[in-house]
file work-v9.cif (mmCIF, C-alpha atoms)
data_work
#
loop_
_atom_site.label_atom_id
_atom_site.label_comp_id
_atom_site.auth_asym_id
_atom_site.auth_seq_id
_atom_site.Cartn_x
_atom_site.Cartn_y
_atom_site.Cartn_z
CA MET Z 18 6.78 -16.35 -47.92
CA ARG Z 19 8.66 -13.20 -47.22
CA GLN Z 20 7.95 -13.73 -43.54
CA GLU Z 21 9.39 -17.24 -43.68
CA ARG Z 22 12.54 -16.04 -45.31
CA ALA Z 23 12.95 -13.39 -42.66
CA ALA Z 24 12.36 -15.87 -39.84
CA GLN Z 25 15.14 -18.17 -41.01
CA ASP Z 26 17.49 -15.28 -41.73
CA ASP Z 27 19.55 -16.72 -44.55
CA GLY Z 28 20.45 -13.22 -45.62
CA GLY Z 29 24.23 -13.60 -45.44
CA PRO Z 30 26.51 -10.79 -44.30
CA ASP Z 31 25.03 -7.41 -43.28
CA ASP Z 32 26.78 -5.82 -46.27
CA ASP Z 33 24.88 -8.08 -48.66
CA LEU Z 34 21.61 -7.12 -47.03
CA VAL Z 35 22.40 -3.43 -47.52
CA GLU Z 36 23.13 -4.11 -51.17
CA ARG Z 37 19.76 -5.84 -51.53
CA VAL Z 38 18.06 -2.97 -49.74
CA ALA Z 39 19.68 -0.61 -52.24
CA ALA Z 40 18.02 -2.63 -54.99
CA GLY Z 41 14.60 -2.09 -53.39
CA ASP Z 42 14.29 -5.40 -51.52
CA ASP Z 43 12.16 -4.68 -48.46
CA ALA Z 44 12.54 -8.25 -47.13
CA ALA Z 45 16.27 -7.49 -46.82
CA LEU Z 46 15.44 -4.36 -44.82
CA GLN Z 47 13.30 -6.46 -42.52
CA LEU Z 48 16.18 -8.90 -41.95
CA LEU Z 49 18.48 -6.02 -41.26
CA TYR Z 50 16.02 -4.60 -38.75
CA ARG Z 51 15.69 -7.95 -36.99
CA ARG Z 52 19.44 -8.18 -36.65
CA LEU Z 53 20.08 -4.61 -35.61
CA GLY Z 54 16.84 -3.68 -33.86
CA PRO Z 55 18.13 -4.31 -30.31
CA PRO Z 56 21.34 -2.23 -30.52
CA ALA Z 57 19.52 0.41 -32.58
CA TYR Z 58 16.63 0.73 -30.15
CA GLY Z 59 18.81 0.40 -27.05
CA LEU Z 60 21.14 3.11 -28.32
CA ALA Z 61 18.31 5.48 -29.15
CA LEU Z 62 16.74 4.80 -25.75
CA ARG Z 63 20.00 5.42 -23.97
CA VAL Z 64 20.47 8.77 -25.70
CA LEU Z 65 16.86 9.93 -25.63
CA ARG Z 66 15.63 8.33 -22.39
CA ASP Z 67 12.13 8.13 -23.80
CA GLU Z 68 10.59 5.06 -25.43
CA HIS Z 69 8.47 6.98 -27.91
CA LEU Z 70 11.27 9.26 -29.02
CA ALA Z 71 13.56 6.23 -29.29
CA GLN Z 72 11.07 4.40 -31.51
CA ASP Z 73 10.74 7.48 -33.71
CA ALA Z 74 14.51 7.73 -34.05
CA VAL Z 75 14.85 4.06 -35.04
CA GLN Z 76 12.03 4.36 -37.54
CA GLU Z 77 13.52 7.49 -39.11
CA ALA Z 78 16.96 5.91 -39.24
CA PHE Z 79 15.69 2.81 -41.03
CA LEU Z 80 13.86 5.05 -43.47
CA GLN Z 81 17.20 6.63 -44.18
CA VAL Z 82 18.78 3.18 -44.55
CA TRP Z 83 16.14 2.42 -47.14
CA ARG Z 84 16.68 5.67 -49.01
CA ASP Z 85 20.46 5.79 -48.87
CA ALA Z 86 21.48 2.11 -48.97
CA GLY Z 87 23.03 2.74 -52.39
CA ARG Z 88 25.31 5.28 -50.80
CA PHE Z 89 26.62 3.05 -48.05
CA ASP Z 90 30.42 3.26 -48.19
CA PRO Z 91 32.00 -0.05 -47.10
CA GLY Z 92 35.37 1.69 -47.05
CA LEU Z 93 34.35 3.74 -44.02
CA SER Z 94 32.53 1.27 -41.78
CA SER Z 95 30.74 -2.05 -41.66
CA ALA Z 96 27.07 -2.14 -42.61
CA ARG Z 97 26.26 -2.59 -38.93
CA GLY Z 98 28.35 0.44 -38.02
CA TRP Z 99 26.69 2.51 -40.74
CA VAL Z 100 23.15 1.68 -39.63
CA LEU Z 101 23.95 2.34 -35.98
CA THR Z 102 25.58 5.65 -36.92
CA LEU Z 103 22.38 6.71 -38.65
CA VAL Z 104 20.39 5.79 -35.55
CA HIS Z 105 22.83 7.61 -33.31
CA ARG Z 106 22.73 10.78 -35.41
CA ARG Z 107 18.94 10.81 -35.36
CA ALA Z 108 18.90 10.41 -31.61
CA VAL Z 109 21.60 13.01 -31.10
CA ASP Z 110 19.87 15.55 -33.37
CA ARG Z 111 16.78 15.10 -31.30
CA VAL Z 112 18.40 15.29 -27.91
CA ARG Z 113 20.29 18.44 -28.88
CA ARG Z 114 16.98 20.14 -29.41
CA GLU Z 115 16.05 19.39 -25.81
CA ASP Z 116 16.82 21.95 -23.16
CA LEU Z 117 19.78 22.25 -20.87
CA GLN Z 118 17.63 21.19 -17.94
CA ARG Z 119 17.23 17.79 -19.42
CA ARG Z 120 20.90 17.51 -20.12
CA LYS Z 121 21.67 18.25 -16.51
CA ALA Z 122 19.18 15.62 -15.44
CA GLY Z 123 21.00 13.23 -17.77
CA LEU Z 124 24.28 14.02 -16.08
CA LEU Z 125 22.86 13.17 -12.69
CA ALA Z 126 21.44 9.95 -14.07
CA LEU Z 127 24.87 9.11 -15.42
CA HIS Z 128 26.36 9.01 -11.95
CA ARG Z 129 23.65 6.71 -10.75
CA GLU Z 130 24.28 4.47 -13.72
CA GLU Z 131 27.83 3.84 -12.72
CA GLY Z 132 26.45 1.57 -10.03
CA PRO Z 133 26.53 -2.19 -10.55
CA ASP Z 134 23.40 -2.70 -12.60
CA HIS Z 135 21.06 -0.40 -14.47
CA VAL Z 136 20.21 -2.91 -17.13
CA ALA Z 137 17.04 -4.52 -15.88
CA GLU Z 138 15.48 -3.91 -19.28
CA VAL Z 139 18.35 -5.47 -21.18
CA VAL Z 140 17.05 -8.78 -22.38
CA GLN Z 141 20.26 -10.33 -23.55
CA ILE Z 142 23.67 -9.50 -22.27
CA ARG Z 143 25.92 -10.79 -24.93
CA SER Z 144 29.59 -11.45 -24.61
CA GLU Z 145 30.13 -8.38 -26.76
CA GLN Z 146 28.39 -6.27 -24.14
CA ARG Z 147 30.56 -7.72 -21.44
CA ALA Z 148 33.64 -7.00 -23.52
CA VAL Z 149 32.57 -3.39 -23.94
CA ARG Z 150 32.00 -3.02 -20.22
CA ALA Z 151 35.37 -4.57 -19.50
CA ALA Z 152 36.95 -2.13 -21.93
CA MET Z 153 35.08 0.80 -20.36
CA ALA Z 154 36.26 -0.31 -16.93
CA HIS Z 155 39.86 0.15 -18.01
CA LEU Z 156 39.39 3.77 -18.99
CA THR Z 157 40.06 6.59 -16.60
CA THR Z 158 37.02 8.26 -15.04
CA ILE Z 159 37.66 11.31 -17.19
CA GLN Z 160 37.79 9.22 -20.37
CA ARG Z 161 34.59 7.39 -19.44
CA GLN Z 162 32.91 10.69 -18.77
CA ALA Z 163 34.02 12.00 -22.18
CA LEU Z 164 32.53 8.95 -23.96
CA GLU Z 165 29.33 9.18 -21.93
CA MET Z 166 28.79 12.84 -22.59
CA ALA Z 167 29.76 12.73 -26.26
CA TYR Z 168 28.22 9.47 -27.33
CA PHE Z 169 25.39 8.66 -24.95
CA GLN Z 170 24.28 12.17 -24.11
CA GLY Z 171 24.84 13.50 -27.62
CA MET Z 172 26.79 16.56 -26.58
CA THR Z 173 29.15 18.34 -28.96
CA GLN Z 174 32.76 18.89 -28.01
CA ALA Z 175 31.95 22.56 -27.44
CA GLN Z 176 29.01 21.70 -25.17
CA ILE Z 177 31.17 19.33 -23.16
CA ALA Z 178 33.81 22.03 -22.73
CA ALA Z 179 31.14 24.48 -21.54
CA GLU Z 180 29.47 21.96 -19.25
CA LEU Z 181 32.72 20.95 -17.57
CA ASP Z 182 34.12 24.47 -17.71
CA ILE Z 183 37.30 23.37 -19.49
CA PRO Z 184 38.94 24.75 -22.66
CA LEU Z 185 37.67 23.35 -25.96
CA GLY Z 186 41.11 21.94 -26.70
CA THR Z 187 41.03 19.99 -23.45
CA ALA Z 188 37.62 18.54 -24.29
CA LYS Z 189 38.90 17.48 -27.71
CA THR Z 190 41.98 15.88 -26.16
CA ARG Z 191 39.87 13.93 -23.68
CA ILE Z 192 37.62 12.66 -26.45
CA ARG Z 193 40.61 11.69 -28.56
CA ASP Z 194 42.29 9.86 -25.66
CA ALA Z 195 39.06 8.10 -24.72
CA VAL Z 196 38.44 6.88 -28.28
CA ILE Z 197 42.02 5.67 -28.67
CA ALA Z 198 42.03 3.95 -25.27
CA MET Z 199 38.70 2.30 -25.98
CA ARG Z 200 39.86 1.14 -29.37
CA GLN Z 201 42.99 -0.38 -27.85
CA ARG Z 202 41.05 -2.12 -25.10
CA LEU Z 203 38.56 -3.56 -27.57
CA GLU Z 204 41.46 -4.88 -29.60
CA VAL Z 205 43.06 -6.45 -26.51
CA ASP Z 206 39.84 -8.04 -25.29
CA ARG Z 207 38.88 -9.41 -28.66
CA MET P 25 38.42 31.39 -31.58
CA ASN P 26 37.34 28.56 -33.76
CA ASP P 27 39.73 25.80 -34.68
CA THR P 28 38.79 24.44 -38.09
CA SER P 29 41.64 22.12 -39.01
CA PRO P 30 39.72 19.13 -40.40
CA HIS P 31 41.97 16.48 -38.92
CA ASP P 32 41.39 18.04 -35.52
CA LEU P 33 37.71 17.08 -35.89
CA LEU P 34 38.28 13.38 -36.55
CA PHE P 35 37.69 11.99 -33.07
CA GLY P 36 34.67 14.18 -32.48
CA TYR P 37 33.32 12.96 -35.81
CA VAL P 38 33.75 9.32 -34.81
CA LEU P 39 31.47 9.92 -31.79
CA ASP P 40 29.07 12.30 -33.63
CA ALA P 41 30.19 15.04 -31.21
CA LEU P 42 30.50 17.80 -33.83
CA ASP P 43 28.01 20.51 -34.61
CA PRO P 44 26.42 20.40 -38.09
CA ALA P 45 28.89 22.90 -39.63
CA GLU P 46 31.88 20.97 -38.31
CA THR P 47 30.39 17.69 -39.52
CA GLU P 48 29.97 19.09 -43.01
CA LEU P 49 33.50 20.47 -42.99
CA PHE P 50 34.93 17.16 -41.90
CA GLU P 51 32.90 15.07 -44.34
CA ARG P 52 34.09 17.24 -47.20
CA HIS P 53 37.65 16.66 -46.05
CA LEU P 54 37.00 12.95 -45.56
CA ALA P 55 35.95 12.48 -49.17
CA SER P 56 39.45 13.29 -50.36
CA CYS P 57 41.73 12.33 -47.44
CA GLU P 58 42.58 8.66 -47.60
CA SER P 59 44.46 8.65 -44.30
CA CYS P 60 41.46 10.14 -42.45
CA ARG P 61 39.18 7.60 -44.12
CA ALA P 62 41.44 4.80 -42.96
CA GLU P 63 41.53 6.22 -39.46
CA VAL P 64 37.76 6.70 -39.25
CA ALA P 65 37.28 3.14 -40.50
CA MET P 66 39.72 1.82 -37.91
CA LEU P 67 38.05 3.70 -35.07
CA SER P 68 34.50 2.86 -36.13
CA ILE P 69 34.48 -0.19 -33.87
CA VAL P 70 34.38 2.15 -30.87
CA PRO P 71 30.93 3.70 -31.46
CA GLN P 72 29.75 0.31 -32.73
CA ALA P 73 30.79 -1.35 -29.49
CA LEU P 74 29.22 1.41 -27.41
CA ALA P 75 25.97 1.03 -29.34
CA SER P 76 25.99 -2.75 -28.96
CA SER P 77 26.55 -2.42 -25.24
CA ALA P 78 23.29 -0.49 -24.98
CA ALA P 79 21.18 -3.16 -26.75
CA VAL P 80 17.60 -3.49 -25.54
CA GLU P 81 14.89 -5.65 -27.09
CA PRO P 82 12.63 -3.20 -28.97
CA PRO P 83 8.86 -3.29 -28.57
CA PRO P 84 7.40 -5.78 -31.09
CA GLU P 85 5.30 -3.13 -32.86
CA LEU P 86 8.40 -1.21 -33.92
CA GLU P 87 9.20 -3.66 -36.72
CA ALA P 88 5.85 -3.12 -38.37
CA ALA P 89 6.26 0.65 -37.98
CA VAL P 90 9.68 0.52 -39.62
CA MET P 91 8.38 -1.53 -42.55
CA ARG P 92 5.32 0.70 -42.93
CA GLY P 93 7.59 3.71 -42.93
CA VAL P 94 9.46 2.74 -46.09
CA ARG P 95 6.49 1.60 -48.14
CA GLY P 96 6.39 3.49 -51.42
CA VAL P 97 9.39 5.65 -50.54
CA ASP P 98 11.80 6.32 -53.40
CA GLN P 99 15.45 5.43 -53.04
CA ALA P 100 18.44 7.64 -53.77
CA ARG P 101 20.52 7.01 -56.84
CA PRO P 102 23.53 5.04 -55.69
CA ARG P 103 26.98 6.48 -55.89
CA PRO P 104 29.30 4.51 -58.13
CA ARG P 105 30.32 1.29 -56.48
CA ARG P 106 31.76 -1.83 -57.94
CA TRP P 107 28.68 -3.02 -59.76
CA ALA P 108 27.64 0.48 -60.72
CA LEU P 109 31.10 1.18 -62.10
CA ALA P 110 31.06 -2.07 -63.99
CA ALA P 111 27.71 -1.07 -65.44
CA ALA P 112 29.04 2.38 -66.35
CA ALA P 113 32.02 0.70 -67.99
CA ALA P 114 29.70 -1.62 -69.89
CA VAL P 115 27.87 1.42 -71.22
CA VAL P 116 31.15 2.73 -72.61
CA LEU P 117 31.83 -0.70 -74.09
CA PHE P 118 28.53 -0.81 -75.93
CA ALA P 119 28.76 2.83 -76.94
CA VAL P 120 32.07 2.33 -78.72
CA GLY P 121 31.36 -1.20 -79.95
CA ILE P 122 33.20 -4.28 -78.87
CA GLY P 123 34.46 -4.96 -82.39
CA VAL P 124 36.87 -2.05 -82.45
CA GLY P 125 38.96 -3.41 -79.60
CA MET P 126 41.89 -3.92 -81.97
CA ALA P 127 42.05 -0.25 -82.87
CA LEU P 128 44.75 2.21 -81.92
CA ARG P 129 46.01 2.59 -78.38
CA PRO P 130 43.82 5.45 -77.08
CA ASP P 131 40.67 3.70 -78.23
CA PRO P 132 38.19 3.77 -75.35
CA SER P 133 37.27 0.10 -75.64
CA THR P 134 40.92 -0.91 -75.35
CA GLN P 135 41.27 1.30 -72.31
CA LEU P 136 38.17 -0.23 -70.88
CA ALA P 137 39.38 -3.76 -71.45
CA GLU P 138 42.53 -2.86 -69.52
CA ALA P 139 40.71 -1.02 -66.75
CA MET P 140 38.14 -3.75 -66.13
CA PRO P 141 40.48 -6.29 -64.51
CA VAL P 142 41.47 -3.68 -61.94
CA VAL P 143 37.86 -2.69 -61.32
CA MET P 144 36.85 -6.32 -60.84
CA ALA P 145 39.93 -7.36 -58.83
CA PRO P 146 38.90 -8.99 -55.53
CA ASP P 147 41.03 -6.53 -53.57
CA ALA P 148 40.00 -3.46 -55.59
CA GLN P 149 39.72 -0.32 -53.49
CA PHE P 150 37.63 2.59 -54.71
CA MET P 151 39.02 5.91 -53.60
CA PRO P 152 37.16 9.15 -54.21
CA LEU P 153 38.85 11.38 -56.75
CA ASP P 154 37.06 14.66 -56.41
CA ILE P 155 37.16 15.86 -60.00
CA GLN P 156 34.94 18.93 -59.99
CA GLY P 157 32.32 17.45 -57.72
CA SER P 158 31.91 14.22 -59.68
CA GLN P 159 31.83 10.73 -58.16
CA THR P 160 34.97 9.66 -59.98
CA ARG P 161 37.04 6.93 -58.34
CA LEU P 162 40.65 5.93 -58.41
CA VAL P 163 40.56 2.13 -58.37
CA VAL P 164 43.60 0.42 -56.92
CA SER P 165 44.50 -3.25 -56.80
CA HIS P 166 47.59 -3.93 -54.74
CA GLU P 167 47.58 -7.56 -55.86
CA MET P 168 47.72 -6.53 -59.50
CA ASP P 169 49.91 -3.57 -58.58
CA ALA P 170 47.76 -1.55 -60.95
CA ALA P 171 45.34 1.36 -60.86
CA ALA P 172 42.60 2.82 -63.03
CA VAL P 173 40.29 5.82 -63.07
CA VAL P 174 36.57 5.22 -63.51
CA GLY P 175 33.54 7.45 -63.35
CA ASP P 176 30.20 8.07 -64.99
CA ASP P 177 29.64 11.75 -64.28
CA VAL P 178 32.96 13.36 -65.14
CA PRO P 179 32.55 16.89 -66.51
CA MET P 180 34.48 17.94 -69.64
CA PRO P 181 37.73 19.66 -68.63
CA ALA P 182 37.66 23.43 -68.96
CA ASP P 183 39.17 25.26 -71.97
CA ASP P 184 39.55 22.15 -74.15
CA GLY P 185 42.18 20.76 -71.78
CA VAL P 186 42.78 17.13 -70.88
CA TYR P 187 42.83 15.45 -67.49
CA GLN P 188 46.31 14.24 -66.72
CA VAL P 189 46.96 11.75 -63.92
CA TRP P 190 50.33 11.87 -62.16
CA LEU P 191 51.96 9.24 -60.02
CA VAL P 192 53.85 10.85 -57.14
CA ASP P 193 56.62 8.60 -55.86
CA ALA P 194 58.18 8.50 -52.40
CA ASP P 195 60.64 11.26 -53.36
CA GLY P 196 57.84 13.48 -54.62
CA THR P 197 58.74 13.00 -58.28
CA MET P 198 55.69 13.22 -60.52
CA SER P 199 55.36 10.98 -63.57
CA PRO P 200 52.51 11.11 -66.08
CA VAL P 201 50.57 7.83 -65.96
CA GLY P 202 47.55 8.55 -68.10
CA GLU P 203 45.43 11.26 -69.65
CA PHE P 204 41.78 11.19 -70.45
CA GLN P 205 38.68 13.03 -71.54
CA PRO P 206 35.24 11.73 -70.58
CA THR P 207 32.78 10.57 -73.22
CA SER P 208 29.95 12.99 -73.98
CA SER P 209 27.89 11.29 -71.26
CA GLY P 210 30.69 11.68 -68.71
CA ASN P 211 32.00 8.11 -68.70
CA VAL P 212 35.63 7.34 -68.00
CA ALA P 213 37.29 3.94 -67.68
CA MET P 214 40.97 4.43 -67.92
CA PRO P 215 43.89 2.17 -66.93
CA LEU P 216 46.92 3.93 -65.48
CA GLU P 217 50.52 3.19 -66.31
CA GLY P 218 53.09 2.58 -63.61
CA GLN P 219 52.87 0.52 -60.45
CA VAL P 220 50.81 1.25 -57.38
CA SER P 221 53.69 0.09 -55.17
CA ASP P 222 55.72 3.05 -56.46
CA ALA P 223 53.02 5.58 -55.62
CA SER P 224 52.80 7.66 -52.48
CA ALA P 225 49.95 9.59 -54.10
CA TYR P 226 48.08 10.13 -57.35
CA MET P 227 47.22 13.62 -58.55
CA VAL P 228 45.11 14.99 -61.37
CA THR P 229 45.71 18.23 -63.26
CA ILE P 230 43.96 19.76 -66.24
CA GLU P 231 46.65 20.31 -68.84
CA PRO P 232 46.12 22.65 -71.82
CA GLU P 233 47.82 20.16 -74.19
CA PRO P 234 48.04 16.36 -74.24
CA GLY P 235 51.41 14.78 -73.62
CA ALA P 236 52.58 16.90 -70.69
CA VAL P 237 55.77 15.61 -69.05
CA HIS P 238 55.56 17.90 -66.03
CA PRO P 239 52.42 19.36 -64.52
CA SER P 240 51.88 22.95 -65.64
CA MET P 241 48.76 23.45 -63.53
CA PRO P 242 47.99 22.96 -59.84
CA PRO P 243 46.29 19.64 -58.98
CA ILE P 244 42.50 19.58 -58.94
CA ALA P 245 42.32 16.24 -57.12
CA GLU P 246 44.64 14.07 -55.11
CA VAL P 247 44.57 10.66 -53.44
CA GLU P 248 47.22 9.60 -50.96
CA MET P 249 48.21 5.95 -50.76
CA ALA P 250 48.18 4.45 -47.27
CA ARG P 251 51.58 3.05 -46.39
#

call {"tool": "encode", "arguments": {"input": "work-v9.cif", "output": "structure tokens"}}
result
Amino acid sequence: MRQERAAQDDGGPDDDLVERVAAGDDAALQLLYRRLGPPAYGLALRVLRDEHLAQDAVQEAFLQVWRDAGRFDPGLSSARGWVLTLVHRRAVDRVRREDLQRRKAGLLALHREEGPDHVAEVVQIRSEQRAVRAAMAHLTTIQRQALEMAYFQGMTQAQIAAELDIPLGTAKTRIRDAVIAMRQRLEVDR
Amino acid sequence: MNDTSPHDLLFGYVLDALDPAETELFERHLASCESCRAEVAMLSIVPQALASSAAVEPPPELEAAVMRGVRGVDQARPRPRRWALAAAAAVVLFAVGIGVGMALRPDPSTQLAEAMPVVMAPDAQFMPLDIQGSQTRLVVSHEMDAAAVVGDDVPMPADDGVYQVWLVDADGTMSPVGEFQPTSSGNVAMPLEGQVSDASAYMVTIEPEPGAVHPSMPPIAEVEMAR
């Protein structure tokens, strides 16, 4: 019966599901996973570049969703944003434990990814994904690089400054400008 | 050289690009800085969009692993949210008895009856009021133009003092809008006087005597109103 309920997904808004999860409803967690599994897994995979590590990160993040659902703060982000942040932090914690060698390999891979299509494994390309790409396309190369290094490679501001051999203040400014520009583009393209 | 101005960390925080010490520093700041909270909330669509752009169908076995992973795992006690606050308020109500609602002005049940509409207002915002590490909230309803203080783990003020809430207007003038002491179990449900539309901030001091007209102590907690 629980399976049926999950298959139809009549769970209402994500926020309601988180509230049900907080009350110990594991069917609500399952619905939440079915909704957010693809961005959660794709994000972890993008950061970690390893399917097994990505699965671990998603699993750990949903465990944290289960534990901390009662502490979700709707004033700070949507439920979707909160869950994806937990996934991202797990993935980033993990990738920061990896060595510099790997990070450098990631940087090289980044340049290859700027080509037309690296998304063979992406099953659905939603309009939202296209909007994000359109927004990214409007950023300067430096801003895109800042987002890539900070968000998708999980580097700290200090690591980015060291990697690019620029002052910390400059790295912070680039990140700030990139976030603001991205936010504005997303607003425009909405 | 290490720059540790919290606001300076905001954009790095939004992308999870801080080290653990910086993250902790910023989150502590975030709990009490309403303008940073508003800004983080506004910018949160950026990481969300980036994450969504990376979506990949997960392997089918991951769902079962996720569900297995939570089986039998205890959940954290929620922080006060609307329903939890309402429940905390209800505890106060039953503790003091509904029948005494006609009693004198400072009676807790009267205060509660006045605080509840704000707590339950559809547009109620719950803003952290960091009173000595408790999860106290300033509740604001712009529609009702009213505010209240609620909490269920408020420590007794030191040295037999009372908590005094001040409304700070646009000119920086501070007016007393309510004083309170928690019940023995730490519950507070307290309507505030004055209008939210007049407030640029609310502050809390611990005053040695009730009835203070001007603050005699530095604030222990503060919430800024977004303009």

call {"tool": "atom_distance", "arguments": {"input": "work-v9.cif", "atom1": "CA of Leu49 (chain P)", "atom2": "CA of Ala100 (chain P)"}}
result
22.5 Å

call {"tool": "resolve_selection", "arguments": {"input": "work-v9.cif", "expression": "the PyMOL selection byres ((chain P) within 8 of (chain Z))", "output": "number ranges by chain"}}
result
P: 35-36, 39-43, 61-62, 64-65, 67-82, 86-87, 89-91, 93-94, 97-103

call {"tool": "atom_distance", "arguments": {"input": "work-v9.cif", "atom1": "CA of Pro30 (chain P)", "atom2": "CA of Gln160 (chain Z)"}}
result
22.4 Å

call {"tool": "residues_around", "arguments": {"input": "work-v9.cif", "residues": "His166 (chain P)", "least_positions_apart": "5", "cutoff": "10 Å", "atoms": "all atoms listed in the file", "output": "list in words"}}
result
Val142, Ala145, Asp147, Ala148, Gln149, Ala171, Gln219, Val220 and Ser221 of chain P

call {"tool": "write_last_selection", "arguments": {"input": "work-v9.cif", "atoms": "C-alpha atoms", "output": "PDB file, keeping the file's coordinate frame"}}
result
ATOM      1  CA  VAL P 142      41.470  -3.680 -61.940  1.00  0.00           C
ATOM      2  CA  ALA P 145      39.930  -7.360 -58.830  1.00  0.00           C
ATOM      3  CA  ASP P 147      41.030  -6.530 -53.570  1.00  0.00           C
ATOM      4  CA  ALA P 148      40.000  -3.460 -55.590  1.00  0.00           C
ATOM      5  CA  GLN P 149      39.720  -0.320 -53.490  1.00  0.00           C
ATOM      6  CA  ALA P 171      45.340   1.360 -60.860  1.00  0.00           C
ATOM      7  CA  GLN P 219      52.870   0.520 -60.450  1.00  0.00           C
ATOM      8  CA  VAL P 220      50.810   1.250 -57.380  1.00  0.00           C
ATOM      9  CA  SER P 221      53.690   0.090 -55.170  1.00  0.00           C
TER      10      SER P 221
END

call {"tool": "resolve_selection", "arguments": {"input": "work-v9.cif", "expression": "the PyMOL selection byres ((chain P and resi 181-193) around 7)", "output": "ChimeraX atom specification"}}
result
/P:179-180,194-205,222-234

call {"tool": "atom_distance", "arguments": {"input": "work-v9.cif", "atom1": "CA of Glu48 (chain P)", "atom2": "CA of Gly157 (chain P)"}}
result
15.0 Å

call {"tool": "resolve_selection", "arguments": {"input": "work-v9.cif", "expression": "the PyMOL selection byres ((chain P and resi 151) around 7)", "output": "number ranges by chain"}}
result
P: 149-150, 152-153, 161-163

call {"tool": "decode", "arguments": {"input": "work-v9.cif", "residues": "region 41-57 of chain P", "atoms": "C-alpha atoms", "output": "mmCIF file, in the first residue's frame"}}
result
data_model
loop_
_atom_site.group_PDB
_atom_site.id
_atom_site.type_symbol
_atom_site.label_atom_id
_atom_site.label_comp_id
_atom_site.auth_asym_id
_atom_site.auth_seq_id
_atom_site.Cartn_x
_atom_site.Cartn_y
_atom_site.Cartn_z
ATOM 1 C CA ALA P 41 32.916 26.986 -0.622
ATOM 2 C CA LEU P 42 33.942 27.676 2.985
ATOM 3 C CA ASP P 43 36.137 25.566 5.199
ATOM 4 C CA PRO P 44 34.457 24.025 8.276
ATOM 5 C CA ALA P 45 35.570 26.811 10.665
ATOM 6 C CA GLU P 46 34.275 29.516 8.331
ATOM 7 C CA THR P 47 31.002 27.635 7.861
ATOM 8 C CA GLU P 48 30.491 27.440 11.604
ATOM 9 C CA LEU P 49 31.320 31.123 12.005
ATOM 10 C CA PHE P 50 28.883 32.106 9.309
ATOM 11 C CA GLU P 51 26.073 29.861 10.538
ATOM 12 C CA ARG P 52 26.369 31.352 14.000
ATOM 13 C CA HIS P 53 26.086 34.799 12.450
ATOM 14 C CA LEU P 54 23.219 33.674 10.226
ATOM 15 C CA ALA P 55 21.108 32.619 13.195
ATOM 16 C CA SER P 56 20.839 36.214 14.353
ATOM 17 C CA CYS P 57 21.250 38.304 11.188
#
